[in-house]
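Note: the block below is coords_36.csv and it holds CSV, C-alpha atoms and all ligand atoms.
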```csv
chain,number,residue,atom,x,y,z
A,1482,MET,CA,27.8,37.4,-70.0
A,1483,ASP,CA,25.1,34.9,-69.2
A,1484,PRO,CA,22.8,36.6,-66.7
A,1485,THR,CA,22.5,33.3,-64.8
A,1486,TRP,CA,26.2,33.4,-63.9
A,1487,LEU,CA,25.9,37.0,-62.8
A,1488,LEU,CA,23.0,36.0,-60.5
A,1489,VAL,CA,25.0,33.2,-59.0
A,1490,LEU,CA,28.5,34.5,-58.8
A,1491,LEU,CA,28.0,38.1,-58.0
A,1492,PRO,CA,26.4,37.4,-54.7
A,1493,LEU,CA,29.4,35.2,-53.8
A,1494,ALA,CA,31.8,38.0,-54.8
A,1495,VAL,CA,29.7,40.5,-52.9
A,1496,THR,CA,29.9,38.2,-49.9
A,1497,PHE,CA,33.7,38.4,-50.2
A,1498,GLY,CA,33.5,42.1,-50.3
A,1499,TRP,CA,31.5,42.0,-47.0
A,1500,LEU,CA,34.0,39.5,-45.5
A,1501,ALA,CA,36.8,41.8,-46.7
A,1502,ALA,CA,35.3,44.8,-45.0
A,1503,ARG,CA,34.7,42.8,-41.9
A,1504,ARG,CA,38.2,41.5,-41.8
A,1505,ALA,CA,39.5,45.0,-42.6
A,1506,ARG,CA,38.5,46.1,-39.1
A,1507,PRO,CA,41.5,46.2,-36.7
A,1508,GLN,CA,42.5,42.6,-35.9
A,1509,PRO,CA,45.8,42.6,-34.3
A,1510,ARG,CA,46.3,38.9,-34.3
A,1511,GLN,CA,45.6,38.5,-38.0
A,1512,PRO,CA,47.1,41.5,-39.8
A,1513,SER,CA,47.5,39.8,-43.1
A,1514,ALA,CA,43.9,38.6,-43.6
A,1515,PRO,CA,42.4,41.7,-45.2
A,1516,LYS,CA,44.9,41.8,-47.9
A,1517,GLY,CA,44.4,38.2,-48.9
A,1518,ILE,CA,40.7,38.4,-49.0
A,1519,SER,CA,40.7,41.7,-50.9
A,1520,GLU,CA,43.0,40.2,-53.5
A,1521,THR,CA,40.6,37.2,-53.8
A,1522,TYR,CA,37.6,39.6,-54.2
A,1523,PHE,CA,39.2,41.7,-56.9
A,1524,ARG,CA,40.6,38.7,-58.7
A,1525,SER,CA,37.2,37.0,-58.8
A,1526,ILE,CA,35.5,40.3,-59.9
A,1527,ASN,CA,38.2,40.6,-62.6
A,1528,PHE,CA,37.5,37.1,-63.9
A,1529,LEU,CA,33.8,37.7,-63.9
A,1530,ALA,CA,34.3,40.9,-65.8
A,1531,ASN,CA,36.3,39.0,-68.4
A,1532,ASP,CA,33.6,36.3,-68.7
A,1533,GLN,CA,36.0,33.7,-67.1
A,1534,HIS,CA,33.4,32.1,-64.9
A,1535,ASP,CA,35.3,29.0,-64.3
A,1536,LYS,CA,38.3,30.8,-63.0
A,1537,ALA,CA,36.2,33.1,-60.9
A,1538,LEU,CA,34.4,30.1,-59.3
A,1539,ASP,CA,37.7,28.3,-58.7
A,1540,VAL,CA,39.2,31.4,-56.9
A,1541,LEU,CA,36.2,31.8,-54.8
A,1542,ALA,CA,36.0,28.1,-53.9
A,1543,LYS,CA,39.7,28.1,-52.9
A,1544,ALA,CA,39.4,31.1,-50.7
A,1545,LEU,CA,36.2,29.9,-49.1
A,1546,GLU,CA,37.9,26.8,-47.8
A,1547,ASP,CA,39.5,28.9,-45.0
A,1548,HIS,CA,36.3,30.5,-43.7
A,1549,ASP,CA,34.6,28.5,-40.9
A,1550,GLU,CA,31.6,30.9,-40.9
A,1551,SER,CA,30.9,30.3,-44.6
A,1552,LEU,CA,29.2,26.9,-44.4
A,1553,GLU,CA,26.1,28.0,-46.2
A,1554,ILE,CA,28.1,29.6,-49.0
A,1555,GLN,CA,30.2,26.5,-49.4
A,1556,LEU,CA,27.1,24.4,-49.6
A,1557,ALA,CA,25.8,26.7,-52.3
A,1558,LEU,CA,29.1,26.5,-54.1
A,1559,GLY,CA,29.0,22.7,-53.9
A,1560,THR,CA,25.5,22.7,-55.4
A,1561,LEU,CA,26.6,25.1,-58.1
A,1562,PHE,CA,29.5,22.7,-59.1
A,1563,ARG,CA,27.2,19.8,-59.1
A,1564,ARG,CA,24.6,21.5,-61.3
A,1565,ARG,CA,27.4,22.4,-63.6
A,1566,GLY,CA,28.3,18.7,-63.9
A,1567,GLU,CA,31.6,19.1,-61.9
A,1568,ILE,CA,30.7,16.3,-59.5
A,1569,GLU,CA,34.2,15.7,-58.3
A,1570,LYS,CA,34.6,19.3,-57.1
A,1571,ALA,CA,31.2,19.3,-55.4
A,1572,THR,CA,32.1,16.0,-53.7
A,1573,GLN,CA,35.5,17.4,-52.5
A,1574,ILE,CA,33.8,20.5,-51.0
A,1575,HIS,CA,31.2,18.4,-49.2
A,1576,GLN,CA,33.7,15.7,-48.0
A,1577,SER,CA,35.9,18.5,-46.7
A,1578,LEU,CA,32.9,20.0,-44.8
A,1579,ILE,CA,31.8,16.7,-43.3
A,1580,SER,CA,35.3,16.2,-41.7
A,1581,ARG,CA,35.1,19.6,-40.0
A,1582,PRO,CA,35.0,19.4,-36.2
A,1583,GLY,CA,32.2,21.2,-34.3
A,1584,LEU,CA,29.4,20.8,-36.9
A,1585,ARG,CA,26.0,20.9,-35.3
A,1586,PRO,CA,23.8,17.8,-36.0
A,1587,GLU,CA,21.6,19.7,-38.4
A,1588,GLN,CA,24.6,21.1,-40.3
A,1589,LYS,CA,26.1,17.6,-40.6
A,1590,SER,CA,22.7,16.3,-41.9
A,1591,GLN,CA,22.7,19.1,-44.5
A,1592,VAL,CA,26.2,18.2,-45.7
A,1593,LEU,CA,25.4,14.5,-45.8
A,1594,PHE,CA,22.4,15.2,-47.9
A,1595,GLU,CA,24.4,17.3,-50.3
A,1596,LEU,CA,27.0,14.5,-50.5
A,1597,ALA,CA,24.2,12.0,-51.2
A,1598,ASN,CA,23.2,14.2,-54.1
A,1599,ASP,CA,26.8,14.2,-55.4
A,1600,TYR,CA,27.0,10.4,-55.3
A,1601,PHE,CA,23.6,10.1,-57.0
A,1602,LYS,CA,24.7,12.4,-59.8
A,1603,ALA,CA,27.9,10.4,-60.1
A,1604,GLY,CA,25.9,7.2,-60.4
A,1605,LEU,CA,27.2,5.9,-57.1
A,1606,LEU,CA,23.7,4.9,-56.0
A,1607,ASP,CA,24.5,2.5,-53.2
A,1608,ARG,CA,26.7,5.2,-51.5
A,1609,SER,CA,24.0,7.7,-51.9
A,1610,GLU,CA,21.3,5.4,-50.5
A,1611,ASN,CA,23.4,4.6,-47.5
A,1612,LEU,CA,24.0,8.3,-46.7
A,1613,LEU,CA,20.2,9.0,-47.1
A,1614,LEU,CA,19.3,6.2,-44.8
A,1615,GLU,CA,21.9,7.4,-42.3
A,1616,LEU,CA,20.2,10.8,-42.2
A,1617,GLY,CA,17.5,9.3,-39.9
A,1618,ALA,CA,13.9,10.1,-39.5
A,1619,GLY,CA,14.0,13.0,-37.1
A,1620,ASP,CA,15.4,16.0,-39.0
A,1621,GLY,CA,14.0,18.5,-41.5
A,1622,LEU,CA,15.6,16.7,-44.5
A,1623,ARG,CA,13.3,13.7,-44.3
A,1624,GLU,CA,11.1,14.8,-47.2
A,1625,PRO,CA,13.9,15.6,-49.7
A,1626,ALA,CA,15.8,12.6,-48.6
A,1627,LEU,CA,12.8,10.4,-49.3
A,1628,ARG,CA,12.4,12.0,-52.7
A,1629,LEU,CA,16.0,11.3,-53.6
A,1630,LEU,CA,15.7,7.7,-52.2
A,1631,ILE,CA,12.7,7.2,-54.5
A,1632,GLN,CA,14.7,8.4,-57.5
A,1633,ILE,CA,17.4,5.9,-56.6
A,1634,TYR,CA,15.0,3.0,-56.2
A,1635,GLU,CA,13.4,3.9,-59.5
A,1636,SER,CA,16.8,3.9,-61.2
A,1637,GLU,CA,17.7,0.5,-59.7
A,1638,ARG,CA,14.2,-0.8,-60.4
A,1639,GLU,CA,13.8,-1.7,-56.8
A,1640,TRP,CA,10.0,-1.4,-56.8
A,1641,GLU,CA,9.3,-2.8,-53.4
A,1642,SER,CA,11.7,-0.3,-51.8
A,1643,ALA,CA,10.2,2.5,-54.0
A,1644,ILE,CA,6.7,1.5,-52.7
A,1645,ALA,CA,7.9,1.7,-49.1
A,1646,ALA,CA,9.6,5.1,-49.6
A,1647,ALA,CA,6.7,6.6,-51.6
A,1648,SER,CA,4.2,5.4,-48.9
A,1649,ARG,CA,6.3,7.1,-46.2
A,1650,LEU,CA,6.4,10.3,-48.3
A,1651,ASP,CA,2.6,10.0,-48.8
A,1652,SER,CA,2.1,10.0,-45.0
A,1653,LEU,CA,4.6,12.8,-44.5
A,1654,THR,CA,3.3,15.3,-47.0
A,1655,ALA,CA,-0.1,16.3,-48.4
A,1656,GLU,CA,1.1,15.0,-51.8
A,1657,ALA,CA,-0.9,12.1,-53.2
A,1658,CYS,CA,1.6,9.4,-54.1
A,1659,SER,CA,-1.0,6.7,-54.9
A,1660,PRO,CA,-0.9,7.1,-58.7
A,1661,VAL,CA,2.9,6.6,-58.6
A,1662,VAL,CA,2.7,3.7,-56.1
A,1663,ALA,CA,0.2,2.1,-58.5
A,1664,GLN,CA,2.8,2.3,-61.3
A,1665,TYR,CA,5.3,0.6,-59.1
A,1666,HIS,CA,2.8,-2.3,-58.5
A,1667,CYS,CA,2.3,-2.4,-62.3
A,1668,GLU,CA,6.1,-2.7,-62.8
A,1669,LEU,CA,6.1,-5.7,-60.4
A,1670,GLY,CA,3.0,-7.1,-62.1
A,1671,GLU,CA,4.8,-6.9,-65.5
A,1672,ARG,CA,7.8,-8.6,-64.0
A,1673,ASP,CA,5.5,-11.5,-62.6
A,1674,LEU,CA,3.8,-11.7,-66.0
A,1675,SER,CA,7.1,-12.1,-67.8
A,1676,ALA,CA,8.0,-14.9,-65.4
A,1677,GLY,CA,4.7,-16.6,-66.1
A,1678,ASP,CA,3.3,-16.1,-62.6
A,1679,TYR,CA,-0.1,-14.8,-63.6
A,1680,ALA,CA,-1.6,-15.1,-60.1
A,1681,ALA,CA,1.1,-12.9,-58.6
A,1682,ALA,CA,0.7,-10.5,-61.6
A,1683,LYS,CA,-3.0,-10.3,-61.0
A,1684,SER,CA,-2.5,-9.5,-57.3
A,1685,ARG,CA,-0.2,-6.7,-58.3
A,1686,ALA,CA,-2.8,-5.3,-60.8
A,1687,ASP,CA,-5.5,-5.5,-58.2
A,1688,GLU,CA,-3.3,-3.8,-55.6
A,1689,ALA,CA,-2.5,-1.0,-58.2
A,1690,LEU,CA,-6.2,-0.5,-58.7
A,1691,LYS,CA,-6.8,-0.5,-55.0
A,1692,ARG,CA,-4.2,2.3,-54.6
A,1693,TYR,CA,-5.4,4.2,-57.7
A,1694,ALA,CA,-8.7,3.0,-59.2
A,1695,ASN,CA,-8.2,5.1,-62.3
A,1696,CYS,CA,-4.8,3.6,-63.2
A,1697,ALA,CA,-5.0,3.0,-67.0
A,1698,ARG,CA,-1.9,0.8,-67.0
A,1699,ALA,CA,-3.4,-1.5,-64.3
A,1700,ILE,CA,-6.6,-1.8,-66.2
A,1701,ILE,CA,-4.7,-2.8,-69.4
A,1702,LEU,CA,-2.6,-5.2,-67.4
A,1703,LEU,CA,-5.6,-6.8,-65.7
A,1704,GLY,CA,-7.3,-7.3,-69.0
A,1705,ARG,CA,-4.2,-8.9,-70.5
A,1706,LEU,CA,-4.0,-11.3,-67.5
A,1707,GLU,CA,-7.7,-12.2,-67.9
A,1708,ALA,CA,-7.2,-12.9,-71.6
A,1709,LEU,CA,-4.1,-15.0,-70.9
A,1710,THR,CA,-6.2,-17.2,-68.6
A,1711,ASP,CA,-9.0,-17.6,-71.2
A,1712,LYS,CA,-11.4,-15.1,-69.6
A,1713,HIS,CA,-11.8,-13.2,-72.8
A,1714,ARG,CA,-15.3,-11.9,-72.1
A,1715,GLN,CA,-14.1,-10.5,-68.7
A,1716,ALA,CA,-11.0,-9.1,-70.5
A,1717,VAL,CA,-13.1,-7.2,-73.0
A,1718,SER,CA,-15.3,-5.8,-70.2
A,1719,THR,CA,-12.2,-4.6,-68.4
A,1720,TRP,CA,-10.7,-2.9,-71.4
A,1721,MET,CA,-14.1,-1.3,-72.2
A,1722,ARG,CA,-13.5,0.7,-69.0
A,1723,LEU,CA,-10.9,2.7,-70.8
A,1724,CYS,CA,-13.5,4.2,-73.2
A,1725,GLU,CA,-15.0,6.2,-70.3
A,1726,GLU,CA,-11.9,6.5,-68.0
A,1727,HIS,CA,-9.0,6.9,-70.5
A,1728,PRO,CA,-10.2,7.5,-74.1
A,1729,ASP,CA,-6.6,8.4,-75.1
A,1730,MET,CA,-5.5,4.9,-74.1
A,1731,VAL,CA,-8.2,3.0,-76.0
A,1732,HIS,CA,-6.1,2.3,-79.1
A,1733,GLU,CA,-3.5,0.6,-76.9
A,1734,VAL,CA,-5.9,-2.3,-76.3
A,1735,ALA,CA,-7.9,-2.3,-79.6
A,1736,ARG,CA,-5.9,-5.2,-81.2
A,1737,LEU,CA,-6.1,-7.2,-77.9
A,1738,VAL,CA,-9.9,-6.7,-77.9
A,1739,GLN,CA,-10.0,-8.0,-81.5
A,1740,THR,CA,-8.0,-11.1,-80.6
A,1741,SER,CA,-10.3,-11.8,-77.6
A,1742,ALA,CA,-13.4,-11.2,-79.6
A,1743,GLU,CA,-12.2,-13.7,-82.2
A,1744,SER,CA,-11.3,-16.2,-79.5
A,1745,LEU,CA,-14.9,-16.0,-78.3
A,1746,GLY,CA,-16.1,-16.4,-81.9
A,1747,LYS,CA,-17.9,-13.0,-81.5
A,1748,PRO,CA,-16.3,-10.5,-83.9
A,1749,ALA,CA,-19.3,-8.2,-83.3
A,1750,LEU,CA,-17.8,-7.5,-79.8
A,1751,TYR,CA,-14.8,-5.9,-81.6
A,1752,ILE,CA,-17.1,-3.7,-83.7
A,1753,ASP,CA,-19.1,-2.7,-80.5
A,1754,PHE,CA,-15.8,-1.8,-78.9
A,1755,LEU,CA,-14.6,0.3,-81.8
A,1756,ASN,CA,-17.9,2.1,-82.1
A,1757,ARG,CA,-17.9,2.9,-78.4
A,1758,ALA,CA,-14.2,3.9,-78.5
A,1759,LEU,CA,-14.9,6.2,-81.5
A,1760,THR,CA,-17.6,7.9,-79.6
A,1761,ALA,CA,-15.3,8.6,-76.6
A,1762,SER,CA,-12.0,9.3,-78.4
A,1763,ALA,CA,-10.7,11.5,-81.2
A,1764,ASP,CA,-7.9,9.1,-81.9
A,1765,GLU,CA,-7.8,8.8,-85.7
A,1766,ARG,CA,-6.0,5.4,-85.5
A,1767,LEU,CA,-9.3,3.9,-84.3
A,1768,GLN,CA,-11.0,5.1,-87.5
A,1769,LEU,CA,-8.2,3.3,-89.5
A,1770,LEU,CA,-8.8,0.1,-87.5
A,1771,LEU,CA,-12.5,0.2,-88.3
A,1772,VAL,CA,-11.7,0.7,-92.0
A,1773,ASP,CA,-9.2,-2.1,-91.9
A,1774,TYR,CA,-11.6,-4.4,-90.2
A,1775,LEU,CA,-14.4,-3.7,-92.7
A,1776,SER,CA,-12.0,-4.3,-95.6
A,1777,SER,CA,-10.8,-7.6,-94.0
A,1778,GLN,CA,-14.4,-8.8,-93.8
A,1779,GLY,CA,-14.9,-8.2,-97.5
A,1780,ARG,CA,-16.9,-5.1,-96.9
A,1781,ALA,CA,-14.7,-2.9,-99.1
A,1782,GLN,CA,-17.5,-0.6,-100.3
A,1783,GLU,CA,-18.6,0.0,-96.7
A,1784,ALA,CA,-15.0,0.7,-95.6
A,1785,GLU,CA,-14.5,3.2,-98.5
A,1786,THR,CA,-17.8,5.0,-97.8
A,1787,HIS,CA,-16.9,5.3,-94.1
A,1788,LEU,CA,-13.4,6.6,-95.0
A,1789,LEU,CA,-14.7,9.2,-97.5
A,1790,SER,CA,-17.2,10.4,-95.0
A,1791,TRP,CA,-14.6,10.7,-92.2
A,1792,VAL,CA,-12.1,12.5,-94.5
A,1793,ASP,CA,-14.9,14.8,-95.7
A,1794,GLU,CA,-15.8,15.8,-92.2
A,1795,ASN,CA,-12.4,16.0,-90.6
A,1796,ALA,CA,-9.7,16.8,-93.2
A,1797,SER,CA,-7.9,13.9,-91.8
A,1798,LEU,CA,-4.3,13.3,-93.1
A,1799,PRO,CA,-4.2,9.7,-92.0
A,1800,GLY,CA,-7.6,9.3,-93.7
A,1801,VAL,CA,-6.3,10.7,-97.0
A,1802,HIS,CA,-3.2,8.5,-96.7
A,1803,ARG,CA,-5.4,5.4,-96.3
A,1804,LEU,CA,-7.6,6.5,-99.2
A,1805,LEU,CA,-4.6,6.9,-101.5
A,1806,GLU,CA,-3.5,3.4,-100.5
A,1807,MET,CA,-7.0,2.1,-101.5
A,1808,ARG,CA,-6.9,4.0,-104.8
A,1809,THR,CA,-3.4,2.7,-105.7
A,1810,GLY,CA,-4.6,-0.8,-105.4
A,1811,GLU,CA,-7.7,-0.3,-107.5
A,1812,ASP,CA,-8.0,-0.5,-111.3
A,1813,ALA,CA,-6.3,2.8,-112.0
A,1814,ASP,CA,-4.3,3.4,-115.1
A,1815,ALA,CA,-0.5,3.4,-114.8
A,1816,VAL,CA,-0.2,7.2,-114.7
A,1817,SER,CA,-2.9,7.6,-112.0
A,1818,ARG,CA,-1.3,4.9,-110.0
A,1819,GLN,CA,2.0,6.6,-110.2
A,1820,ASP,CA,0.5,9.9,-109.1
A,1821,TYR,CA,-1.3,8.3,-106.2
A,1822,ARG,CA,1.9,6.7,-105.0
A,1823,LEU,CA,3.8,10.0,-105.2
A,1824,VAL,CA,1.2,11.8,-103.2
A,1825,GLN,CA,1.0,8.9,-100.7
A,1826,ARG,CA,4.7,9.2,-100.1
A,1827,VAL,CA,4.2,12.9,-99.3
A,1828,THR,CA,1.3,12.1,-96.8
A,1829,GLY,CA,3.4,9.3,-95.4
A,1830,LYS,CA,6.3,11.7,-94.7
A,1831,LEU,CA,3.9,14.2,-93.1
A,1832,LEU,CA,2.3,11.5,-91.0
A,1833,ALA,CA,5.7,10.2,-89.7
A,1834,GLU,CA,6.4,13.7,-88.3
A,1835,ARG,CA,3.2,13.9,-86.3
A,1836,THR,CA,2.6,10.4,-84.9
A,1837,GLY,CA,3.9,8.7,-81.9
A,1838,TYR,CA,3.7,9.8,-78.3
A,1839,GLU,CA,4.5,12.9,-76.3
A,1840,CYS,CA,5.0,13.7,-72.6
A,1841,ARG,CA,2.4,16.3,-71.4
A,1842,PHE,CA,4.9,17.5,-68.8
A,1843,CYS,CA,8.2,18.0,-70.7
A,1844,GLY,CA,7.3,17.5,-74.3
A,1845,PHE,CA,9.5,14.4,-74.8
A,1846,GLN,CA,8.5,12.7,-78.0
A,1847,GLY,CA,9.0,9.0,-78.9
A,1848,LYS,CA,7.6,6.3,-81.1
A,1849,SER,CA,6.4,4.1,-78.3
A,1850,LEU,CA,4.4,4.6,-75.1
A,1851,HIS,CA,6.5,5.0,-71.9
A,1852,TRP,CA,4.7,4.8,-68.6
A,1853,GLN,CA,7.6,6.7,-67.1
A,1854,CYS,CA,8.8,9.5,-69.3
A,1855,PRO,CA,12.5,9.0,-70.3
A,1856,GLY,CA,12.9,12.8,-70.3
A,1857,CYS,CA,11.5,14.1,-67.1
A,1858,LYS,CA,10.9,10.8,-65.2
A,1859,HIS,CA,7.3,11.6,-64.5
A,1860,TRP,CA,4.9,8.8,-64.5
A,1861,ASP,CA,1.8,8.4,-66.7
A,1862,THR,CA,2.4,11.7,-68.5
A,1863,THR,CA,2.9,10.2,-72.0
A,1864,VAL,CA,-0.1,10.4,-74.4
A,1865,PRO,CA,-0.5,9.7,-78.1
A,1866,ARG,CA,0.0,12.6,-80.4
A,1867,LEU,CA,-3.4,13.0,-81.8
A,1868,ALA,CA,-3.5,15.2,-84.9
A,1869,THR,CA,-7.1,15.9,-85.3
A,1870,THR,CA,-8.0,18.5,-87.9
A,1871,LYS,CA,-11.2,20.2,-88.9
A,1872,TRP,CA,-11.9,22.1,-92.1
A,1873,SER,CA,-12.6,25.2,-90.0
B,1901,ZN,ZN,8.4,14.1,-69.6
```
Exercise: express the given structure as structure tokens:
Amino acid sequence: MDPTWLLVLLPLAVTFGWLAARRARPQPRQPSAPKGISETYFRSINFLANDQHDKALDVLAKALEDHDESLEIQLALGTLFRRRGEIEKATQIHQSLISRPGLRPEQKSQVLFELANDYFKAGLLDRSENLLLELGAGDGLREPALRLLIQIYESEREWESAIAAASRLDSLTAEACSPVVAQYHCELGERDLSAGDYAAAKSRADEALKRYANCARAIILLGRLEALTDKHRQAVSTWMRLCEEHPDMVHEVARLVQTSAESLGKPALYIDFLNRALTASADERLQLLLVDYLSSQGRAQEAETHLLSWVDENASLPGVHRLLEMRTGEDADAVSRQDYRLVQRVTGKLLAERTGYECRFCGFQGKSLHWQCPGCKHWDTTVPRLATTKWS
């Protein structure tokens, strides 16, 4: 039997044992109760012993419906159903609890909160939001309610509401929400940019940096807006900040820097940027950009020398792959060219397995950069998978 189930269900069964013992004391007005509860207890234990967790849970849930004093257990049971993906059962339990007469205000709030969680899991976000707003500001569930509200607003991409809720959470707890609020401003900035409203987008980028001065996404966005409004020199300066503040994000703007440098008629700016970036970052893709650039400028020998030196020092797989590509295009005989291509296919396959992006929090891997991890929903946790290798 899965030990998790034992941890969850045995305490419930034990509670029944306790209830059974309690009810077993002389109670003249309810002579039949001990028998019913004992039967439930033994039936559920029997199901557990036979690894029939679902049936055990159903028996316990049915029996618990009749016990007014078991609110906490019923709440736990509802949570258990929800975690198991049985949202309908969880909702039924919580709806039945909410209609009970005599609930104290804090008990009612707790049940409403659980019901809001059920609706959230079921995708009924409006209902969930309404219940959470109904909870009010005065009870002890304010913090978890705000957290759930933020999840809802993120799911619905209601960034203004998310900013308001996160700001309230920030003032309520010691938790710094500024980096996440900066991301919400960036989302709005991206939306404004797509709509062609560069001034509004810039205000959002500025606000994001005001909230969190180290926000890589806002720095990238600000540079893009400056480039779009022909302030290329300013854009390059803005992106240069990443070399010191976010070396792992430098590659994201390298091509943009190249375009701006070319627009200014100053290609040397791009080389300066790459050299500075290479000093700060171990991202091998930057080395490849430098090699590509030198080759495109007719400096093939310089590019090859740089590549050989880099591979020699770092045992770089992307470097070997690029070198094979160079060799294949050179005046090699047919057999050598065939061999180069074969080995290059192997290095290409190996590279495909170790490139892309990865979440530092949950390990989610993808081919593109996500500012919010699709796996764990954390913000700004995705970084490039850098496969740096040394000979020893
Ligand atoms: Zn993640």
Review point. From the set A:Leu1616, A:Val1592, A:Ala1646, A:Leu1759, which residue has the shortest atom-to-atom contact distance to Trp1791 in chain A, counting all atoms listed in the file?
Key: A:Leu1759
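The environment of Leu1593 in chain A within 10 Å, counting all atoms listed in the file and disregarding residues fewer than 3 places along the same chain, consists of His1575, Gln1576, Leu1578, Ile1579, Glu1587, Gln1588, Lys1589, Ser1590, Leu1596, Ala1597, Asn1598, Asp1599, Ser1609, Leu1612, Leu1613, Glu1615 and Leu1616 of chain A.
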Using all atoms listed in the file, I'd like a table of the residues in chain A that come within 9 Å of ligand ZN 1901 (chain B); for each, show the closest atom pair and its distance in Å rounded to one decimal, ordered by chain and ascending number, as a tab-separated table.
```
residue	atom	partner	partner_atom	distance
A:Glu1839	CA	B:ZN1901	ZN	7.8
A:Cys1840	CA	B:ZN1901	ZN	4.6
A:Arg1841	CA	B:ZN1901	ZN	6.6
A:Phe1842	CA	B:ZN1901	ZN	4.9
A:Cys1843	CA	B:ZN1901	ZN	4.1
A:Gly1844	CA	B:ZN1901	ZN	5.9
A:Phe1845	CA	B:ZN1901	ZN	5.3
A:Gln1846	CA	B:ZN1901	ZN	8.5
A:Gln1853	CA	B:ZN1901	ZN	7.9
A:Cys1854	CA	B:ZN1901	ZN	4.6
A:Pro1855	CA	B:ZN1901	ZN	6.6
A:Gly1856	CA	B:ZN1901	ZN	4.7
A:Cys1857	CA	B:ZN1901	ZN	4.0
A:Lys1858	CA	B:ZN1901	ZN	6.0
A:His1859	CA	B:ZN1901	ZN	5.8
A:Trp1860	CA	B:ZN1901	ZN	8.1
A:Thr1862	CA	B:ZN1901	ZN	6.6
A:Thr1863	CA	B:ZN1901	ZN	7.2
```
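CA of Arg1608 in chain A is positioned 28.5 Å from CA of Ala1657 in chain A.
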Practice item. Would you list the contacts of range 1744-1751 of chain A as an MDAnalysis selection string, taking every protein, DNA or RNA residue within 9 Å and counting all atoms listed in the file, but skipping same-chain residues closer than 4 positions in sequence? Key: chainID A and resid 1711 1713:1714 1717 1735:1736 1738:1740 1755:1756
Just the selected residues (C-alpha atoms), exported as a tab-separated table (two decimals), in the coordinates of the input, please.
```tsv
chain	number	residue	atom	x	y	z
A	1711	ASP	CA	-9.00	-17.60	-71.20
A	1713	HIS	CA	-11.80	-13.20	-72.80
A	1714	ARG	CA	-15.30	-11.90	-72.10
A	1717	VAL	CA	-13.10	-7.20	-73.00
A	1735	ALA	CA	-7.90	-2.30	-79.60
A	1736	ARG	CA	-5.90	-5.20	-81.20
A	1738	VAL	CA	-9.90	-6.70	-77.90
A	1739	GLN	CA	-10.00	-8.00	-81.50
A	1740	THR	CA	-8.00	-11.10	-80.60
A	1755	LEU	CA	-14.60	0.30	-81.80
A	1756	ASN	CA	-17.90	2.10	-82.10
```
Practice item. Excluding Arg1563 in chain A and any residue of its chain fewer than 3 positions from it, enumerate the residues within 10 Å of it, using all atoms listed in the file, and give them as a PyMOL selection string. Key: chain A and resi 1557-1560+1566-1572+1595+1598-1599+1602-1603
Point to revise | Residue neighbourhood Val1662 in chain A, 9 Å, all atoms listed in the file, exclusion window fewer than 4 positions, as an NGL selection string | key: :A and (1640 or 1643-1645 or 1647-1648 or 1658 or 1666-1667 or 1689 or 1692-1693)
Same residues, C-alpha atoms, saved as an mmCIF file, keeping the file's coordinate frame:
```
data_model
loop_
_atom_site.group_PDB
_atom_site.id
_atom_site.type_symbol
_atom_site.label_atom_id
_atom_site.label_comp_id
_atom_site.auth_asym_id
_atom_site.auth_seq_id
_atom_site.Cartn_x
_atom_site.Cartn_y
_atom_site.Cartn_z
ATOM 1 C CA TRP A 1640 10.000 -1.400 -56.800
ATOM 2 C CA ALA A 1643 10.200 2.500 -54.000
ATOM 3 C CA ILE A 1644 6.700 1.500 -52.700
ATOM 4 C CA ALA A 1645 7.900 1.700 -49.100
ATOM 5 C CA ALA A 1647 6.700 6.600 -51.600
ATOM 6 C CA SER A 1648 4.200 5.400 -48.900
ATOM 7 C CA CYS A 1658 1.600 9.400 -54.100
ATOM 8 C CA HIS A 1666 2.800 -2.300 -58.500
ATOM 9 C CA CYS A 1667 2.300 -2.400 -62.300
ATOM 10 C CA ALA A 1689 -2.500 -1.000 -58.200
ATOM 11 C CA ARG A 1692 -4.200 2.300 -54.600
ATOM 12 C CA TYR A 1693 -5.400 4.200 -57.700
#
```
Practice item. Determine, counting all atoms listed in the file, which protein, DNA and RNA residues have an atom within 12 Å of an atom of Ser1776 in chain A; residues of the same chain fewer than 5 positions away are not included. Present the result as a ChimeraX atom specification. Key: /A:1769-1771,1781-1788,1803,1807
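Relative to CA of Leu1650 in chain A, CA of Leu1627 in chain A is found at 6.5 Å.
The nearest approach to Val1661 in chain A among the residues A:Glu1743, A:Arg1866, A:Leu1823, A:Trp1852, with all atoms listed in the file taken into account, belongs to A:Trp1852.
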Check your understanding: What does the distance between CA of Leu1674 in chain A and CA of Glu1635 in chain A come to in Å, to one decimal place?
Key -> 19.4 Å
